[in-house]
>>> print(open('model20.txt').read())   # compact mmCIF, C-alpha atoms
# COMPACT_ATOMS: atom_id res chain seq x y z
CA MET T 651 42.95 -74.17 -82.65
CA LYS T 652 44.70 -73.95 -79.31
CA ILE T 653 47.07 -71.68 -77.44
CA THR T 654 49.40 -72.76 -74.65
CA ILE T 655 49.70 -70.56 -71.58
CA LYS T 656 52.49 -70.99 -69.05
CA ARG T 657 50.83 -70.96 -65.63
CA PHE T 658 52.67 -70.19 -62.40
CA ASP T 659 51.61 -70.41 -58.76
CA LYS T 660 54.30 -70.43 -56.14
CA ARG T 661 52.08 -72.25 -53.66
CA LYS T 662 51.41 -75.21 -55.94
CA GLU T 663 53.57 -78.21 -56.79
CA PRO T 664 54.80 -78.15 -59.52
CA GLN T 665 54.90 -74.36 -59.52
CA SER T 666 54.79 -74.02 -63.27
CA ILE T 667 52.74 -75.93 -65.84
CA ASP T 668 51.71 -75.41 -69.45
CA MET T 669 47.97 -75.42 -70.09
CA ASN T 670 46.10 -75.54 -73.39
CA TYR T 671 43.05 -73.39 -74.08
CA PRO T 672 40.89 -73.03 -77.21
CA ILE T 673 41.15 -69.86 -79.30
CA PHE T 674 38.06 -67.68 -79.64
CA GLU T 675 38.20 -66.59 -83.27
CA GLY T 676 38.36 -62.93 -84.18
CA LEU T 677 39.26 -61.72 -80.70
CA THR T 678 42.58 -60.26 -79.55
CA LEU T 679 44.79 -62.21 -77.18
CA LEU T 680 43.67 -60.12 -74.21
CA GLU T 681 40.00 -60.64 -75.10
CA ASN T 682 40.82 -64.35 -75.33
CA PHE T 683 42.27 -64.23 -71.80
CA ILE T 684 39.10 -62.51 -70.55
CA LYS T 685 36.91 -65.04 -72.35
CA ILE T 686 38.93 -67.93 -70.89
CA LYS T 687 38.66 -66.40 -67.41
CA THR T 688 34.93 -65.77 -67.58
CA THR T 689 33.86 -68.99 -69.28
CA ILE T 690 36.49 -71.72 -68.83
CA ASP T 691 38.97 -71.15 -66.01
CA PRO T 692 38.45 -68.32 -63.46
CA THR T 693 41.87 -68.96 -61.91
CA LEU T 694 43.78 -67.64 -64.95
CA SER T 695 45.47 -64.40 -63.83
CA PHE T 696 46.70 -61.66 -66.14
CA ASN T 697 47.02 -57.89 -66.28
CA GLY T 698 45.08 -55.77 -68.72
CA VAL T 699 43.14 -52.59 -68.22
CA CYS T 700 42.39 -50.38 -71.22
CA ARG T 701 42.14 -53.11 -73.91
CA SER T 702 43.20 -50.62 -76.59
CA GLY T 703 46.99 -50.37 -76.48
CA VAL T 704 47.16 -47.26 -74.31
CA CYS T 705 47.95 -48.39 -70.77
CA GLY T 706 50.81 -50.84 -71.40
CA SER T 707 49.89 -53.29 -68.65
CA CYS T 708 49.10 -56.38 -70.74
CA SER T 709 52.51 -57.12 -72.31
CA VAL T 710 53.35 -60.84 -72.51
CA MET T 711 55.81 -63.04 -74.40
CA VAL T 712 54.21 -64.71 -77.44
CA ASN T 713 56.51 -67.40 -78.91
CA GLY T 714 59.44 -65.62 -77.25
CA LYS T 715 58.56 -62.16 -78.54
CA ALA T 716 57.30 -59.44 -76.22
CA MET T 717 54.08 -57.77 -77.33
CA LEU T 718 50.88 -56.22 -76.03
CA ALA T 719 48.18 -58.86 -75.64
CA CYS T 720 45.51 -56.32 -76.57
CA SER T 721 46.94 -55.63 -80.01
CA TYR T 722 47.70 -59.17 -81.17
CA LYS T 723 45.38 -61.84 -82.55
CA PRO T 724 46.51 -65.30 -81.46
CA LYS T 725 47.30 -68.05 -83.96
CA ASP T 726 47.12 -71.82 -83.57
CA GLY T 727 49.90 -73.21 -81.38
CA ASP T 728 51.01 -69.89 -79.88
CA HIS T 729 52.97 -70.24 -76.66
CA ILE T 730 52.24 -67.49 -74.12
CA GLU T 731 54.62 -66.76 -71.26
CA PRO T 732 55.08 -63.97 -68.71
CA LEU T 733 57.64 -61.25 -69.53
CA ASN T 734 61.33 -62.17 -69.49
CA TYR T 735 63.68 -60.88 -66.75
CA HIS T 736 60.75 -60.06 -64.45
CA GLU T 737 59.83 -61.75 -61.20
CA VAL T 738 56.64 -63.71 -61.91
CA LYS T 739 53.95 -63.15 -59.29
CA ARG T 740 51.29 -65.40 -60.69
CA ASP T 741 50.52 -66.80 -64.16
CA LEU T 742 51.10 -63.83 -66.49
CA ILE T 743 51.32 -61.18 -63.76
CA VAL T 744 54.88 -59.92 -63.19
CA ASP T 745 56.51 -57.48 -60.79
CA LYS T 746 57.65 -54.48 -62.82
CA ASN T 747 59.18 -52.60 -59.89
CA LYS T 748 62.72 -53.79 -60.49
CA ALA T 749 62.59 -52.88 -64.17
CA HIS T 750 61.10 -49.47 -63.42
CA SER T 751 63.76 -48.76 -60.78
CA THR T 752 66.18 -48.22 -63.71
CA LEU T 753 64.41 -44.90 -64.23
CA LYS T 754 65.72 -43.90 -60.80
CA THR T 755 69.28 -45.19 -61.20
CA SER T 756 69.58 -43.41 -64.55
CA HIS T 757 68.12 -40.16 -63.13
CA ALA T 758 65.64 -40.03 -66.01
CA VAL T 759 63.94 -36.84 -64.83
CA MET T 760 64.13 -33.16 -65.67
CA HIS T 761 67.29 -31.40 -64.50
CA GLY T 762 67.75 -27.65 -64.77
CA ASN T 763 65.57 -25.51 -67.02
CA VAL T 764 63.22 -26.61 -69.76
CA ILE T 765 64.16 -25.96 -73.38
CA VAL T 766 60.71 -25.71 -74.91
CA GLU T 767 62.00 -25.43 -78.52
CA ASN T 768 63.37 -29.00 -78.30
CA PHE T 769 60.00 -30.58 -77.40
CA PRO T 770 59.14 -31.53 -81.00
CA LYS T 771 62.37 -33.56 -81.21
CA VAL T 772 61.23 -36.01 -78.55
CA THR T 773 57.48 -36.35 -79.08
CA VAL T 774 57.90 -40.03 -80.05
CA GLN T 775 59.92 -40.79 -76.90
CA SER T 776 57.16 -39.18 -74.81
CA ASP T 777 54.74 -41.86 -76.05
CA CYS T 778 56.40 -44.54 -73.88
CA ILE T 779 53.76 -46.45 -71.88
CA LEU T 780 56.21 -48.45 -69.73
CA CYS T 781 54.91 -51.77 -71.03
CA ASP T 782 58.42 -53.27 -70.55
CA SER T 783 58.34 -55.00 -73.96
CA CYS T 784 61.77 -53.60 -74.90
CA PHE T 785 63.18 -54.53 -71.50
CA ALA T 786 61.96 -58.12 -71.91
CA SER T 787 63.42 -58.42 -75.43
CA CYS T 788 66.86 -57.03 -74.57
CA PRO T 789 69.55 -59.77 -74.85
CA VAL T 790 71.95 -57.76 -72.65
CA MET T 791 69.63 -58.32 -69.65
CA ALA T 792 70.45 -62.04 -69.84
CA VAL T 793 74.16 -61.45 -69.15
CA ASN T 794 74.02 -58.25 -67.08
CA GLU T 795 70.97 -57.90 -64.87
CA ASN T 796 72.06 -54.44 -63.72
CA PHE T 797 71.90 -53.07 -67.26
CA ILE T 798 69.81 -49.92 -67.47
CA GLY T 799 67.24 -51.13 -69.98
CA PRO T 800 66.18 -49.55 -73.27
CA PHE T 801 63.13 -47.62 -72.05
CA ALA T 802 65.09 -45.87 -69.28
CA LEU T 803 67.85 -44.86 -71.70
CA SER T 804 65.26 -43.62 -74.16
CA ARG T 805 63.78 -41.51 -71.42
CA VAL T 806 67.21 -40.19 -70.43
CA TYR T 807 67.66 -39.11 -74.05
CA LYS T 808 64.32 -37.32 -73.92
CA TYR T 809 65.16 -35.39 -70.77
CA THR T 810 68.73 -34.57 -71.75
CA THR T 811 67.30 -33.11 -74.96
CA ILE T 812 64.68 -30.91 -73.34
CA SER T 813 66.53 -29.79 -70.23
CA SER T 814 69.47 -27.43 -69.84
CA ASP T 815 71.44 -29.62 -67.42
CA SER T 816 72.16 -33.07 -68.84
CA LYS T 817 75.26 -33.87 -66.78
CA THR T 818 73.54 -35.76 -63.91
CA SER T 819 71.88 -38.27 -66.23
CA ILE T 820 74.87 -38.63 -68.57
CA ASP T 821 77.10 -39.40 -65.56
CA ALA T 822 74.62 -41.97 -64.30
CA ILE T 823 74.44 -43.97 -67.54
CA GLN T 824 78.15 -44.63 -68.07
CA GLN T 825 78.19 -47.76 -65.89
CA ASN T 826 75.84 -50.55 -67.04
CA GLY T 827 74.37 -48.04 -69.47
CA VAL T 828 74.96 -46.76 -72.99
CA TRP T 829 78.23 -48.64 -73.61
CA ASP T 830 76.84 -52.04 -72.59
CA CYS T 831 74.20 -52.00 -75.33
CA THR T 832 75.00 -54.24 -78.30
CA LEU T 833 72.89 -52.14 -80.71
CA CYS T 834 71.03 -55.28 -81.81
CA GLY T 835 67.77 -53.36 -82.28
CA GLU T 836 65.46 -55.92 -80.62
CA CYS T 837 63.98 -53.12 -78.47
CA THR T 838 63.05 -51.11 -81.56
CA LEU T 839 61.28 -54.13 -83.07
CA ALA T 840 59.42 -54.83 -79.81
CA CYS T 841 58.16 -51.30 -79.11
CA PRO T 842 54.37 -51.04 -79.70
CA GLN T 843 54.60 -47.23 -79.73
CA GLY T 844 57.15 -46.93 -82.54
CA ILE T 845 59.91 -45.60 -80.29
CA ASP T 846 63.49 -46.34 -81.40
CA PRO T 847 65.56 -46.87 -78.22
CA LYS T 848 68.53 -48.09 -80.27
CA MET T 849 68.81 -44.75 -82.06
CA ASP T 850 68.36 -42.91 -78.73
CA ILE T 851 71.21 -44.95 -77.21
CA MET T 852 73.44 -44.10 -80.19
CA ASN T 853 72.61 -40.42 -79.72
CA LEU T 854 73.37 -40.74 -76.00
CA ARG T 855 76.76 -42.19 -76.90
CA SER T 856 77.62 -39.09 -78.89
CA LYS T 857 76.33 -36.91 -76.04
CA SER T 858 78.55 -38.88 -73.64
CA VAL T 859 81.57 -38.32 -75.88
CA GLN T 860 80.73 -34.62 -76.01
CA SER T 861 80.71 -34.63 -72.18
CA GLY T 862 84.23 -36.06 -72.08
CA TYR T 863 83.49 -39.78 -71.74
CA MET T 864 84.74 -42.45 -74.11
CA ASP T 865 83.78 -45.98 -75.06
CA PRO T 866 85.44 -48.23 -72.42
CA ASN T 867 85.49 -51.08 -74.95
CA MET T 868 87.77 -49.03 -77.21
CA GLN T 869 90.72 -49.64 -74.90
CA ASN T 870 90.44 -53.37 -75.49
CA MET T 871 90.30 -53.11 -79.24
CA SER T 872 93.43 -53.22 -81.35
CA PHE T 873 91.85 -52.96 -84.81
CA GLY T 874 94.35 -55.59 -85.99
CA LEU T 875 97.26 -53.34 -85.21
CA ASP T 876 99.52 -53.91 -82.28
CA PHE T 877 100.74 -50.59 -81.00
CA THR T 878 102.66 -52.05 -78.07
CA GLN T 879 105.57 -53.30 -80.13
CA GLY T 880 106.48 -49.78 -80.90
CA PHE T 881 107.50 -47.72 -83.78
CA MET H 837 39.83 -37.05 -70.39
CA GLU H 838 38.34 -37.71 -66.98
CA ILE H 839 41.51 -39.44 -65.79
CA ILE H 840 43.66 -36.58 -67.00
CA SER H 841 41.60 -33.75 -65.52
CA MET H 842 40.47 -35.43 -62.28
CA GLY H 843 43.82 -37.19 -61.84
CA LEU H 844 45.53 -33.81 -61.68
CA VAL H 845 43.14 -32.61 -58.97
CA ALA H 846 43.55 -35.86 -57.03
CA GLY H 847 47.33 -35.70 -57.34
CA GLU H 848 47.53 -32.12 -56.09
CA ASN H 849 45.29 -32.95 -53.16
CA ALA H 850 47.34 -36.05 -52.34
CA VAL H 851 50.49 -33.93 -52.11
CA ASN H 852 48.82 -31.45 -49.78
CA TYR H 853 47.17 -34.15 -47.70
CA GLU H 854 48.78 -34.37 -44.28
CA SER H 855 49.56 -38.02 -43.85
CA LYS H 856 48.24 -39.46 -40.62
CA SER H 857 51.14 -41.09 -38.87
CA GLU H 858 49.64 -44.45 -38.06
CA PHE H 859 47.31 -46.72 -39.98
CA LYS H 860 44.14 -46.75 -37.95
CA GLU H 861 41.59 -49.52 -37.74
CA ASN H 862 38.28 -48.13 -38.90
CA SER H 863 34.80 -49.50 -39.26
CA GLN H 864 34.89 -49.63 -43.06
CA LEU H 865 38.07 -51.71 -43.02
CA ALA H 866 36.52 -54.14 -40.55
CA LYS H 867 33.42 -54.39 -42.75
CA ASP H 868 35.49 -55.08 -45.84
CA ARG H 869 37.51 -57.71 -44.00
CA ALA H 870 34.32 -59.44 -42.88
CA PHE H 871 32.91 -59.29 -46.41
CA ILE H 872 36.01 -60.86 -47.97
CA SER H 873 36.18 -63.63 -45.40
CA ALA H 874 32.50 -64.32 -46.08
CA VAL H 875 33.22 -64.48 -49.82
CA TYR H 876 35.89 -67.10 -49.14
CA ASN H 877 33.91 -69.19 -46.67
CA ASN H 878 30.16 -68.64 -46.98
CA PHE H 879 29.33 -67.56 -50.52
CA THR H 880 28.13 -70.68 -52.31
CA ASN H 881 29.15 -69.92 -55.92
CA GLN H 882 26.13 -71.69 -57.40
CA ILE H 883 25.50 -68.87 -59.87
CA ASP H 884 28.23 -67.72 -62.27
CA PHE H 885 28.61 -63.97 -61.67
CA TYR H 886 30.51 -63.46 -64.95
CA GLU H 887 27.32 -64.48 -66.79
CA LYS H 888 25.26 -62.09 -64.66
CA ARG H 889 27.79 -59.32 -65.22
CA GLU H 890 27.54 -59.67 -68.98
CA PHE H 891 23.74 -59.74 -68.80
CA LEU H 892 23.67 -56.65 -66.55
CA GLY H 893 25.97 -54.80 -68.96
CA LYS H 894 23.73 -55.69 -71.87
CA ILE H 895 20.44 -54.58 -70.30
CA LEU H 896 21.97 -51.40 -68.88
CA TYR H 897 23.36 -50.52 -72.29
CA HIS H 898 20.04 -51.01 -74.06
CA ASN H 899 17.70 -49.55 -71.44
CA ALA H 900 19.68 -47.06 -69.38
CA GLY H 901 22.08 -45.94 -72.08
CA VAL H 902 21.57 -43.19 -74.63
CA ILE H 903 17.76 -43.37 -74.87
CA ARG H 904 15.80 -44.17 -71.70
CA ASN H 905 12.16 -44.66 -70.86
CA ASP H 906 10.08 -45.47 -67.80
CA THR H 907 9.29 -49.14 -68.56
CA GLY H 908 12.82 -49.98 -69.59
CA LEU H 909 14.38 -48.43 -66.49
CA LYS H 910 11.86 -50.17 -64.20
CA GLY H 911 12.58 -53.49 -65.90
CA VAL H 912 16.33 -53.16 -65.42
CA LEU H 913 15.85 -52.06 -61.80
CA ALA H 914 13.77 -55.17 -61.13
CA ALA H 915 16.41 -57.42 -62.71
CA LEU H 916 19.12 -55.63 -60.73
CA ARG H 917 17.31 -56.01 -57.39
CA GLN H 918 16.94 -59.72 -58.18
CA MET H 919 20.72 -59.94 -58.75
CA GLN H 920 21.33 -58.19 -55.42
CA ARG H 921 19.20 -60.83 -53.71
CA GLU H 922 21.10 -63.60 -55.50
CA PHE H 923 24.46 -62.08 -54.63
CA THR H 924 25.25 -64.50 -51.79
CA PHE H 925 24.65 -67.45 -54.15
CA MET H 926 27.39 -66.18 -56.42
CA GLY H 927 31.05 -66.31 -55.43
CA ILE H 928 34.60 -67.04 -56.48
CA SER H 929 36.09 -70.26 -57.89
CA ASP H 930 39.67 -69.17 -57.27
CA LYS H 931 40.33 -69.32 -53.52
CA SER H 932 44.02 -68.41 -53.60
CA LYS H 933 45.11 -65.47 -51.47
CA GLU H 934 47.62 -63.83 -53.81
CA PHE H 935 46.88 -61.87 -56.99
CA ASN H 936 43.36 -63.21 -57.00
CA THR H 937 41.86 -61.35 -59.94
CA ASN H 938 38.75 -63.51 -59.67
CA LEU H 939 38.08 -61.95 -56.25
CA ILE H 940 38.75 -58.44 -57.58
CA ASP H 941 36.26 -59.01 -60.42
CA PHE H 942 33.69 -60.21 -57.87
CA ILE H 943 34.16 -57.20 -55.56
CA GLU H 944 33.90 -54.89 -58.57
CA PHE H 945 30.70 -56.63 -59.64
CA GLY H 946 29.29 -56.02 -56.13
CA ASN H 947 30.17 -52.34 -56.41
CA ALA H 948 28.62 -52.21 -59.87
CA LEU H 949 25.36 -53.53 -58.45
CA GLU H 950 25.34 -50.67 -55.93
CA VAL H 951 26.26 -47.93 -58.39
CA ALA H 952 23.84 -49.20 -61.05
CA GLU H 953 21.01 -49.03 -58.53
CA MET H 954 21.74 -45.36 -57.83
CA LEU H 955 21.95 -44.63 -61.55
CA LEU H 956 18.62 -46.31 -62.25
CA VAL H 957 16.78 -44.74 -59.32
CA GLY H 958 18.14 -41.33 -60.29
CA ALA H 959 17.15 -41.76 -63.93
CA LEU H 960 13.67 -43.01 -62.97
CA HIS H 961 12.93 -40.06 -60.69
CA ARG H 962 14.11 -37.45 -63.15
CA ASN H 963 11.08 -37.10 -65.42
CA GLU H 964 12.78 -34.80 -67.91
CA SER H 965 15.61 -34.71 -70.45
CA ARG H 966 18.74 -32.87 -69.43
CA GLY H 967 22.27 -33.14 -70.85
CA ALA H 968 23.23 -36.75 -71.43
CA HIS H 969 20.05 -37.95 -69.73
CA TYR H 970 17.46 -38.37 -72.48
CA ARG H 971 14.01 -39.72 -71.65
CA GLU H 972 11.82 -40.72 -74.58
CA ASP H 973 8.66 -40.09 -72.52
CA PHE H 974 9.84 -36.63 -71.33
CA PRO H 975 11.91 -35.18 -74.18
CA LYS H 976 12.06 -31.59 -72.82
CA PRO H 977 13.96 -30.15 -69.83
CA ASN H 978 11.70 -29.34 -66.89
CA ASP H 979 12.83 -26.60 -64.52
CA THR H 980 11.22 -28.22 -61.47
CA PHE H 981 14.06 -30.78 -61.73
CA GLN H 982 16.76 -28.12 -61.69
CA SER H 983 18.44 -29.82 -58.73
CA HIS H 984 21.13 -32.30 -57.71
CA SER H 985 20.25 -35.96 -57.09
CA ILE H 986 21.67 -37.00 -53.71
CA PHE H 987 22.04 -40.66 -52.66
CA TRP H 988 23.06 -42.27 -49.41
CA LYS H 989 22.57 -45.53 -47.58
CA GLU H 990 20.82 -46.03 -44.28
CA ASP H 991 21.14 -49.53 -42.83
CA GLY H 992 21.85 -50.89 -46.29
CA VAL H 993 18.78 -49.26 -47.86
CA LEU H 994 19.29 -46.77 -50.65
CA CYS H 995 17.82 -43.31 -49.99
CA ALA H 996 17.47 -40.55 -52.55
CA GLU H 997 16.41 -36.91 -52.62
CA PHE H 998 16.65 -33.84 -54.81
CA LYS H 999 18.63 -30.91 -53.50
CA ASP H 1000 18.22 -27.45 -55.02
CA VAL H 1001 21.08 -25.95 -56.95
CA LYS H 1002 22.24 -22.87 -55.07
>>> encode(input="model20.txt", output="structure tokens")
Amino acid sequence: MKITIKRFDKRKEPQSIDMNYPIFEGLTLLENFIKIKTTIDPTLSFNGVCRSGVCGSCSVMVNGKAMLACSYKPKDGDHIEPLNYHEVKRDLIVDKNKAHSTLKTSHAVMHGNVIVENFPKVTVQSDCILCDSCFASCPVMAVNENFIGPFALSRVYKYTTISSDSKTSIDAIQQNGVWDCTLCGECTLACPQGIDPKMDIMNLRSKSVQSGYMDPNMQNMSFGLDFTQGF
Amino acid sequence: MEIISMGLVAGENAVNYESKSEFKENSQLAKDRAFISAVYNNFTNQIDFYEKREFLGKILYHNAGVIRNDTGLKGVLAALRQMQREFTFMGISDKSKEFNTNLIDFIEFGNALEVAEMLLVGALHRNESRGAHYREDFPKPNDTFQSHSIFWKEDGVLCAEFKDVK
């Protein structure tokens, strides 16, 4: 019973190696990391604070799927890697600043007055713990690194729903935002908090249309009909 | 709950705090620098501090946890003072300078040794039961102890006194 962890140290040569460690039965992946660190290899570095799925700091890729280490029990042969699309600092520790800067570019904050009646509509979205699991599972990130990721768009949806002025955020998410999403739903599968960013993005699309925007991809679609040759 | 309530207070104070324009060298920073360089160069790492940490957690839980008594507290205090003496024989295995969580764990263990000493001395001196502090040998509150426990360090030695509640 072994797991493989991808280690990284920019000062070593080679910088990245795969190392095998035994599995401690009955413990979560994060508890396994702690056990490995305290009994086998003190140089293993990882993030993890609350150990109970609340803080969102321990997300890692297990066999290519992003999940919280504290709420997963490892199986034989699991391959653990740091989060996708993040700059790796050391071993499983990544720099989340770039991912979290999408909250700024999308203006995912309160604008105008609060509409208290709408709060119950976005209680699920408020549960986001910024673990970046959805961001690391998003296939759009691989082709467009400026894409405003799922969690930021979900948060934009939350604030446009509960605030009176939604124009600033809606304007900010037209480029590299709602229309670039492929609606594949990987973010929804990855979310440990049960948030559905895909549905939020679809709702934001209708909000964008209501604000006078349209799908830029529409112009390139002919639906099998060629209108240019004229009636 | 503590994070939520105290975090709010801390956040409000941080906003109102007038930031000092330059980052000043102070004595605590120099001390911490010296300590960390000693950890890297002089601490021998012959004793595994992770083992000691687990042991300390266990004995604190059983003897200074929900139900406390004189002998138990004294026993833990003795074990703790022994660990403080052994501290320089512990150390870190990971000597890298970036994202060294091994070093962070070690510094936190050092802090735990200090805080645990205060906790134990405070619990030992308070011969009564009050709130979350329950002593098997003194199960009733005693009004002579209606006071705050104050701790400070003088030349590295822990000092304690009771201060009356105003």
>>> interface_residues(input="model20.txt", of="chain H", to="chain T", cutoff="12 Å", atoms="only C-alpha atoms", output="PDB file with C-alpha atoms, in the coordinates of the input")
ATOM      1  CA  ASP H 884      28.230 -67.720 -62.270  1.00  0.00           C
ATOM      2  CA  PHE H 885      28.610 -63.970 -61.670  1.00  0.00           C
ATOM      3  CA  TYR H 886      30.510 -63.460 -64.950  1.00  0.00           C
ATOM      4  CA  GLU H 887      27.320 -64.480 -66.790  1.00  0.00           C
ATOM      5  CA  LYS H 888      25.260 -62.090 -64.660  1.00  0.00           C
ATOM      6  CA  ARG H 889      27.790 -59.320 -65.220  1.00  0.00           C
ATOM      7  CA  GLU H 890      27.540 -59.670 -68.980  1.00  0.00           C
ATOM      8  CA  GLY H 927      31.050 -66.310 -55.430  1.00  0.00           C
ATOM      9  CA  ILE H 928      34.600 -67.040 -56.480  1.00  0.00           C
ATOM     10  CA  SER H 929      36.090 -70.260 -57.890  1.00  0.00           C
ATOM     11  CA  ASP H 930      39.670 -69.170 -57.270  1.00  0.00           C
ATOM     12  CA  LYS H 931      40.330 -69.320 -53.520  1.00  0.00           C
ATOM     13  CA  SER H 932      44.020 -68.410 -53.600  1.00  0.00           C
ATOM     14  CA  LYS H 933      45.110 -65.470 -51.470  1.00  0.00           C
ATOM     15  CA  GLU H 934      47.620 -63.830 -53.810  1.00  0.00           C
ATOM     16  CA  PHE H 935      46.880 -61.870 -56.990  1.00  0.00           C
ATOM     17  CA  ASN H 936      43.360 -63.210 -57.000  1.00  0.00           C
ATOM     18  CA  THR H 937      41.860 -61.350 -59.940  1.00  0.00           C
ATOM     19  CA  ASN H 938      38.750 -63.510 -59.670  1.00  0.00           C
ATOM     20  CA  LEU H 939      38.080 -61.950 -56.250  1.00  0.00           C
ATOM     21  CA  ILE H 940      38.750 -58.440 -57.580  1.00  0.00           C
ATOM     22  CA  ASP H 941      36.260 -59.010 -60.420  1.00  0.00           C
ATOM     23  CA  PHE H 942      33.690 -60.210 -57.870  1.00  0.00           C
TER      24      PHE H 942
END
>>> atom_distance(input="model20.txt", atom1="CA of Cys831 in chain T", atom2="CA of Cys781 in chain T")
19.8 Å
>>> atom_distance(input="model20.txt", atom1="CA of Ile690 in chain T", atom2="CA of Ile673 in chain T")
11.6 Å
>>> closest_residue(input="model20.txt", among="T:Gln843, T:Asn794, T:Thr838, T:Ser783", to="Val704 in chain T", atoms="all atoms listed in the file")
T:Gln843
>>> residues_around(input="model20.txt", residues="Asp865 in chain T", least_positions_apart="6", cutoff="9 Å", atoms="only C-alpha atoms", output="PyMOL selection string")
chain T and resi 829+855+858-859
>>> residues_around(input="model20.txt", residues="Leu956 in chain H", least_positions_apart="5", cutoff="12 Å", atoms="only C-alpha atoms", output="PyMOL selection string")
chain H and resi 895-897+899-901+904-917+948-951+961-962+969+985+987+994+996
>>> residues_around(input="model20.txt", residues="range 717-729 of chain T", least_positions_apart="5", cutoff="6 Å", atoms="all atoms listed in the file", output="MDAnalysis selection string")
chainID T and resid 651:654 678:680 701 708:710 712
>>> write_last_selection(input="model20.txt", atoms="C-alpha atoms", output="PDB file, in the coordinates of the input")
ATOM      1  CA  MET T 651      42.950 -74.170 -82.650  1.00  0.00           C
ATOM      2  CA  LYS T 652      44.700 -73.950 -79.310  1.00  0.00           C
ATOM      3  CA  ILE T 653      47.070 -71.680 -77.440  1.00  0.00           C
ATOM      4  CA  THR T 654      49.400 -72.760 -74.650  1.00  0.00           C
ATOM      5  CA  THR T 678      42.580 -60.260 -79.550  1.00  0.00           C
ATOM      6  CA  LEU T 679      44.790 -62.210 -77.180  1.00  0.00           C
ATOM      7  CA  LEU T 680      43.670 -60.120 -74.210  1.00  0.00           C
ATOM      8  CA  ARG T 701      42.140 -53.110 -73.910  1.00  0.00           C
ATOM      9  CA  CYS T 708      49.100 -56.380 -70.740  1.00  0.00           C
ATOM     10  CA  SER T 709      52.510 -57.120 -72.310  1.00  0.00           C
ATOM     11  CA  VAL T 710      53.350 -60.840 -72.510  1.00  0.00           C
ATOM     12  CA  VAL T 712      54.210 -64.710 -77.440  1.00  0.00           C
TER      13      VAL T 712
END
>>> closest_residue(input="model20.txt", among="H:Met919, H:Ala959, H:Leu844, H:Leu865", to="Leu892 in chain H", atoms="only C-alpha atoms")
H:Met919
>>> atom_distance(input="model20.txt", atom1="CA of Ala846 in chain H", atom2="CA of Thr773 in chain T")
26.1 Å
>>> axis_aligned_box(input="model20.txt", around="range 767-775 of chain T", padding_each_side="3 Å", output="JSON")
{"center_x": 60.4, "center_y": -33.1, "center_z": -79.1, "size_x": 11.9, "size_y": 21.4, "size_z": 10.3}
>>> closest_residue(input="model20.txt", among="T:Leu742, T:Met711, T:Asn734, T:Asn768", to="Phe683 in chain T", atoms="all atoms listed in the file")
T:Leu742
>>> residues_around(input="model20.txt", residues="Ser965 in chain H", least_positions_apart="6", cutoff="10 Å", atoms="only C-alpha atoms", output="list in words")
Ile903, Arg904, Ala959, Arg971, Glu972, Asp973, Phe974, Pro975, Lys976, Pro977, Asn978 and Phe981 of chain H
>>> residues_around(input="model20.txt", residues="Ala786 in chain T", least_positions_apart="5", cutoff="9 Å", atoms="only C-alpha atoms", output="list of chain:residue names")
T:Met711, T:Lys715, T:Ala716, T:Leu733, T:Asn734, T:Tyr735, T:His736, T:Met791, T:Gly799, T:Cys837, T:Ala840
>>> closest_residue(input="model20.txt", among="T:Val738, T:Ala758, T:Lys656, T:Cys834", to="Val790 in chain T", atoms="only C-alpha atoms")
T:Cys834
>>> closest_residue(input="model20.txt", among="H:Arg921, H:Lys867, H:Arg966, H:His898", to="Ile883 in chain H", atoms="all atoms listed in the file")
H:Arg921
